[in-house]
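Asker: Structure in structure tokens, see below.
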Amino acid sequence: MKFLTKKRVVLFLLFIFPLICFLILSTGQNNFTKLPVLTENVLDVSEISESKTSTFKERVSVVCFLGEDIEKSKTRLLNVNEKIYKKFIDFKQFQIIAIYPSEKEVAVAELKKQIGAFTDMKNWVFVPSEKEMIQTLFHSFKTDEFLENFGSSNAFIIDKNGNLRGRIDDKDAENGKLYGYDMNAVAVLKDKLKDDINVLYYEYYAAFKDKNKNKADRKEVGL
């Protein structure tokens with residue numbers, strides 16, 4: 001057919017087809033993959049914070065446990081800063097919480113200085129705590145791992161309701177469950193942690209859109 005010229009086919013694939021897909025997705029409800037909840041109602045970080053000012057509530061948090069060897073955690077946090085923090089710094093209620101033993105204040109102050117030399121630190125939250133309380137917080141995550149010297153190489157996603165989010169069908173996890181994301185592996189941060197945070201934010205966006213639509217529907221019928 002003369003109508004289906006090569007030029008028209010290319011234009012369709014480049015512009016019209018993606019637009020159709022977008023319209024289908026934007027008009028559908030809950031037709032996307034939600035990020036699974038692995039553990040409900042973990043202990044809030046305010047319970048272990050000496051200042052009591054930090055919290056998981058109403059925020060999307062990436063939680064890191066620095067442990068006693070702050071120098072060992074330095075590379076991990078720099079990876080998270082580059083691959084995650086800088087991607088989400090302007091997202092609403094986003095924060096990265098770094099938890100460490102109180103006696104490591106001096107070493108952490110130096111670490112914050114190094115990160116802050118090339119980063120706006122507004123959404124970085126460093127929380128000192130007693131070791132026993134750090135262990136208690138981590139236990140509430142109910143993961144399949146243990147802290148090593150009160151630290152972990154993994155970062156964890158806590159949602160606005162204080163639930164631990166992750167994956168239940170991860171091909172690299174032994175039982176499919178991915179509780180935390182390896183901060184030593186840049187590929188994991190880019191391909192898994194970043195994607196999963198995006199999924200979580202889209203989940204909130206879709207819920208917000210549905211809520212507003214329901215309000216409009218109720219108003220239209222006079223409820």
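Chain lettering (A, B, ...) mirrors the order of the structure tokens, residue numbering begins at 1 for each chain separately, and ligand numbering begins at 1 in order of display.
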Please identify which residues in region 14-223 of chain A DSSP calls strand (DSSP E or B) from the backbone, and express them as an NGL selection string.

Answerer: :A and (37-39 or 60-66 or 94-101 or 124-129 or 148 or 151-158 or 164-165 or 167 or 178 or 181-182)

Asker: Taking N, CA, C and O atoms for each residue, export the selection above as a compact mmCIF listing (two decimals), in the first residue's frame.

Answerer:
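Output contents, as saved in selection23.txt:
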```
# COMPACT_ATOMS: atom_id res chain seq x y z
N VAL A 37 5.95 -5.09 49.76
CA VAL A 37 6.25 -4.86 51.17
C VAL A 37 6.81 -6.17 51.73
O VAL A 37 6.15 -7.20 51.71
N LEU A 38 8.02 -6.12 52.26
CA LEU A 38 8.66 -7.30 52.82
C LEU A 38 8.47 -7.39 54.34
O LEU A 38 8.34 -8.48 54.90
N THR A 39 8.49 -6.24 55.00
CA THR A 39 8.29 -6.19 56.45
C THR A 39 7.44 -4.96 56.78
O THR A 39 7.80 -3.85 56.39
N VAL A 60 10.19 8.93 51.99
CA VAL A 60 10.80 7.77 51.33
C VAL A 60 12.26 7.77 51.75
O VAL A 60 13.01 8.71 51.45
N SER A 61 12.66 6.72 52.48
CA SER A 61 13.99 6.70 53.08
C SER A 61 14.85 5.58 52.53
O SER A 61 14.38 4.44 52.39
N VAL A 62 16.08 5.91 52.20
CA VAL A 62 17.11 4.90 51.93
C VAL A 62 17.98 4.85 53.17
O VAL A 62 18.58 5.86 53.56
N VAL A 63 18.00 3.70 53.83
CA VAL A 63 18.66 3.58 55.13
C VAL A 63 19.97 2.81 55.00
O VAL A 63 20.01 1.72 54.41
N CYS A 64 21.03 3.38 55.56
CA CYS A 64 22.35 2.76 55.54
C CYS A 64 22.87 2.62 56.97
O CYS A 64 22.71 3.52 57.79
N PHE A 65 23.49 1.48 57.24
CA PHE A 65 24.11 1.23 58.55
C PHE A 65 25.62 1.28 58.37
O PHE A 65 26.20 0.39 57.73
N LEU A 66 26.26 2.31 58.93
CA LEU A 66 27.69 2.53 58.67
C LEU A 66 28.59 1.61 59.47
O LEU A 66 29.68 1.26 59.02
N PHE A 94 12.12 12.83 50.04
CA PHE A 94 13.18 11.83 49.88
C PHE A 94 14.32 12.13 50.86
O PHE A 94 14.70 13.28 51.05
N GLN A 95 14.88 11.07 51.46
CA GLN A 95 16.01 11.25 52.36
C GLN A 95 16.86 9.99 52.39
O GLN A 95 16.38 8.89 52.14
N ILE A 96 18.13 10.19 52.66
CA ILE A 96 19.02 9.06 52.93
C ILE A 96 19.45 9.17 54.39
O ILE A 96 19.96 10.20 54.83
N ILE A 97 19.18 8.12 55.14
CA ILE A 97 19.52 8.09 56.56
C ILE A 97 20.70 7.17 56.79
O ILE A 97 20.66 5.99 56.45
N ALA A 98 21.76 7.73 57.35
CA ALA A 98 22.97 6.96 57.67
C ALA A 98 23.08 6.83 59.18
O ALA A 98 23.20 7.83 59.89
N ILE A 99 23.02 5.60 59.66
CA ILE A 99 23.01 5.32 61.10
C ILE A 99 24.38 4.81 61.53
O ILE A 99 24.96 3.95 60.86
N TYR A 100 24.88 5.32 62.65
CA TYR A 100 26.23 4.93 63.07
C TYR A 100 26.34 4.98 64.59
O TYR A 100 25.57 5.66 65.28
N PRO A 101 27.29 4.24 65.17
CA PRO A 101 27.51 4.26 66.62
C PRO A 101 27.93 5.65 67.09
O PRO A 101 28.73 6.32 66.44
N TRP A 124 20.47 14.48 53.25
CA TRP A 124 21.28 13.49 53.97
C TRP A 124 20.98 13.65 55.46
O TRP A 124 21.03 14.76 56.00
N VAL A 125 20.71 12.55 56.14
CA VAL A 125 20.43 12.58 57.58
C VAL A 125 21.35 11.57 58.27
O VAL A 125 21.28 10.37 58.00
N PHE A 126 22.23 12.05 59.14
CA PHE A 126 23.14 11.18 59.87
C PHE A 126 22.64 11.04 61.30
O PHE A 126 22.42 12.03 62.00
N VAL A 127 22.45 9.79 61.71
CA VAL A 127 21.82 9.52 63.02
C VAL A 127 22.77 8.71 63.90
O VAL A 127 23.00 7.52 63.65
N PRO A 128 23.32 9.33 64.96
CA PRO A 128 24.12 8.57 65.93
C PRO A 128 23.20 7.84 66.91
O PRO A 128 22.12 8.32 67.23
N SER A 129 23.63 6.68 67.38
CA SER A 129 22.82 5.93 68.32
C SER A 129 23.68 4.93 69.08
O SER A 129 24.80 4.62 68.68
N GLU A 148 27.29 -6.58 60.61
CA GLU A 148 28.69 -6.91 60.90
C GLU A 148 29.33 -5.68 61.53
O GLU A 148 29.46 -4.64 60.89
N GLY A 151 27.28 -2.66 61.15
CA GLY A 151 27.17 -2.07 59.82
C GLY A 151 26.70 -3.09 58.79
O GLY A 151 26.67 -4.29 59.05
N SER A 152 26.32 -2.60 57.61
CA SER A 152 25.87 -3.47 56.53
C SER A 152 26.32 -2.88 55.20
O SER A 152 26.38 -1.65 55.03
N SER A 153 26.62 -3.75 54.24
CA SER A 153 26.97 -3.29 52.91
C SER A 153 25.72 -2.99 52.08
O SER A 153 25.81 -2.49 50.96
N ASN A 154 24.55 -3.29 52.63
CA ASN A 154 23.30 -3.07 51.93
C ASN A 154 22.59 -1.79 52.37
O ASN A 154 22.67 -1.39 53.53
N ALA A 155 21.88 -1.18 51.43
CA ALA A 155 20.98 -0.07 51.72
C ALA A 155 19.56 -0.60 51.66
O ALA A 155 19.27 -1.54 50.91
N PHE A 156 18.65 0.00 52.41
CA PHE A 156 17.28 -0.50 52.52
C PHE A 156 16.29 0.61 52.23
O PHE A 156 16.53 1.78 52.58
N ILE A 157 15.16 0.24 51.62
CA ILE A 157 14.10 1.21 51.32
C ILE A 157 13.00 1.09 52.37
O ILE A 157 12.43 0.02 52.56
N ILE A 158 12.70 2.20 53.03
CA ILE A 158 11.58 2.28 53.96
C ILE A 158 10.57 3.28 53.39
O ILE A 158 10.95 4.41 53.06
N LEU A 164 9.29 -1.90 55.16
CA LEU A 164 10.47 -2.23 54.37
C LEU A 164 10.02 -2.72 53.01
O LEU A 164 9.23 -3.67 52.90
N ARG A 165 10.51 -2.09 51.95
CA ARG A 165 10.17 -2.49 50.59
C ARG A 165 11.36 -3.19 49.94
O ARG A 165 12.51 -2.95 50.30
N ARG A 167 12.20 -6.69 46.82
CA ARG A 167 11.75 -7.57 45.73
C ARG A 167 11.47 -8.97 46.25
O ARG A 167 12.12 -9.43 47.19
N LEU A 178 14.70 -9.84 47.87
CA LEU A 178 15.80 -8.88 47.96
C LEU A 178 15.42 -7.83 49.01
O LEU A 178 14.59 -6.96 48.77
N TYR A 181 20.05 -3.56 49.11
CA TYR A 181 20.74 -3.34 47.84
C TYR A 181 22.22 -3.09 48.10
O TYR A 181 22.57 -2.17 48.85
N ASP A 182 23.06 -3.88 47.47
CA ASP A 182 24.50 -3.85 47.73
C ASP A 182 25.11 -2.51 47.30
O ASP A 182 25.16 -2.20 46.11
```

Asker: Check region 10-206 of chain A with DSSP on the backbone and list each residue it calls alpha helix (DSSP H), as number ranges by chain.

Answerer: A: 10-11, 17-27, 70-80, 86-88, 105-116, 131-141, 186-188, 194-206

Asker: Please identify all polymer residues within 9 Å of Arg59 (chain A), counting only C-alpha atoms, omitting same-chain residues fewer than 4 positions from it, and present them as an mmCIF file with N, CA, C and O atoms, in the first residue's frame.

Answerer:
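Dumped everything to out.cif:
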```cif
data_model
loop_
_atom_site.group_PDB
_atom_site.id
_atom_site.type_symbol
_atom_site.label_atom_id
_atom_site.label_comp_id
_atom_site.auth_asym_id
_atom_site.auth_seq_id
_atom_site.Cartn_x
_atom_site.Cartn_y
_atom_site.Cartn_z
ATOM 1 N N THR A 55 12.849 10.771 61.359
ATOM 2 C CA THR A 55 11.722 9.836 61.310
ATOM 3 C C THR A 55 11.579 9.253 59.904
ATOM 4 O O THR A 55 12.006 9.851 58.919
ATOM 5 N N LYS A 92 10.067 14.865 46.395
ATOM 6 C CA LYS A 92 9.431 15.220 47.662
ATOM 7 C C LYS A 92 9.657 14.148 48.726
ATOM 8 O O LYS A 92 9.514 12.967 48.470
ATOM 9 N N GLN A 93 9.963 14.588 49.924
ATOM 10 C CA GLN A 93 10.110 13.735 51.105
ATOM 11 C C GLN A 93 11.169 12.637 50.942
ATOM 12 O O GLN A 93 11.124 11.626 51.645
ATOM 13 N N PHE A 94 12.121 12.832 50.038
ATOM 14 C CA PHE A 94 13.183 11.831 49.885
ATOM 15 C C PHE A 94 14.319 12.129 50.860
ATOM 16 O O PHE A 94 14.702 13.284 51.053
ATOM 17 N N GLN A 95 14.876 11.068 51.464
ATOM 18 C CA GLN A 95 16.006 11.250 52.360
ATOM 19 C C GLN A 95 16.860 9.990 52.385
ATOM 20 O O GLN A 95 16.377 8.887 52.137
ATOM 21 N N ILE A 158 12.704 2.201 53.032
ATOM 22 C CA ILE A 158 11.581 2.278 53.962
ATOM 23 C C ILE A 158 10.573 3.278 53.394
ATOM 24 O O ILE A 158 10.951 4.408 53.064
ATOM 25 N N ASP A 159 9.313 2.856 53.278
ATOM 26 C CA ASP A 159 8.318 3.737 52.675
ATOM 27 C C ASP A 159 7.713 4.706 53.686
ATOM 28 O O ASP A 159 8.096 4.743 54.861
ATOM 29 N N LYS A 160 6.741 5.496 53.232
ATOM 30 C CA LYS A 160 6.150 6.544 54.068
ATOM 31 C C LYS A 160 5.386 6.004 55.266
ATOM 32 O O LYS A 160 5.136 6.728 56.220
ATOM 33 N N ASN A 161 5.004 4.732 55.197
ATOM 34 C CA ASN A 161 4.262 4.119 56.296
ATOM 35 C C ASN A 161 5.150 3.299 57.221
ATOM 36 O O ASN A 161 4.655 2.578 58.096
ATOM 37 N N GLY A 162 6.457 3.375 57.005
ATOM 38 C CA GLY A 162 7.375 2.642 57.866
ATOM 39 C C GLY A 162 7.495 1.175 57.522
ATOM 40 O O GLY A 162 7.822 0.356 58.393
#
```

Asker: Using Å and a single decimal, report how far CA of Ile70 (chain A) sits from CA of Glu110 (chain A).

Answerer: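 Separation between CA of Glu110 (chain A) and CA of Ile70 (chain A): 9.7 Å.
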
Asker: I'd like the contact shell of Leu35 (chain A) - 12 Å cut-off, only C-alpha atoms, skipping same-chain residues fewer than 4 positions apart - returned as a list in words.

Answerer: Ile157, Ile158, Asp159, Asn163, Leu164, Arg165, Gly166, Arg167, Ile168, Asp169, Asp170, Lys177, Leu178, Tyr179, Lys192, Leu193, Asp195, Asp196, Ile197, Asn198, Val199, Leu200, Tyr201, Tyr202, Glu203 and Tyr204 of chain A

Asker: What is the distance, in Å and to one decimal place, between CA of Glu68 (chain A) and CA of Lys131 (chain A)?

Answerer: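 Computed distance, CA of Glu68 (chain A) to CA of Lys131 (chain A), equals 9.5 Å.
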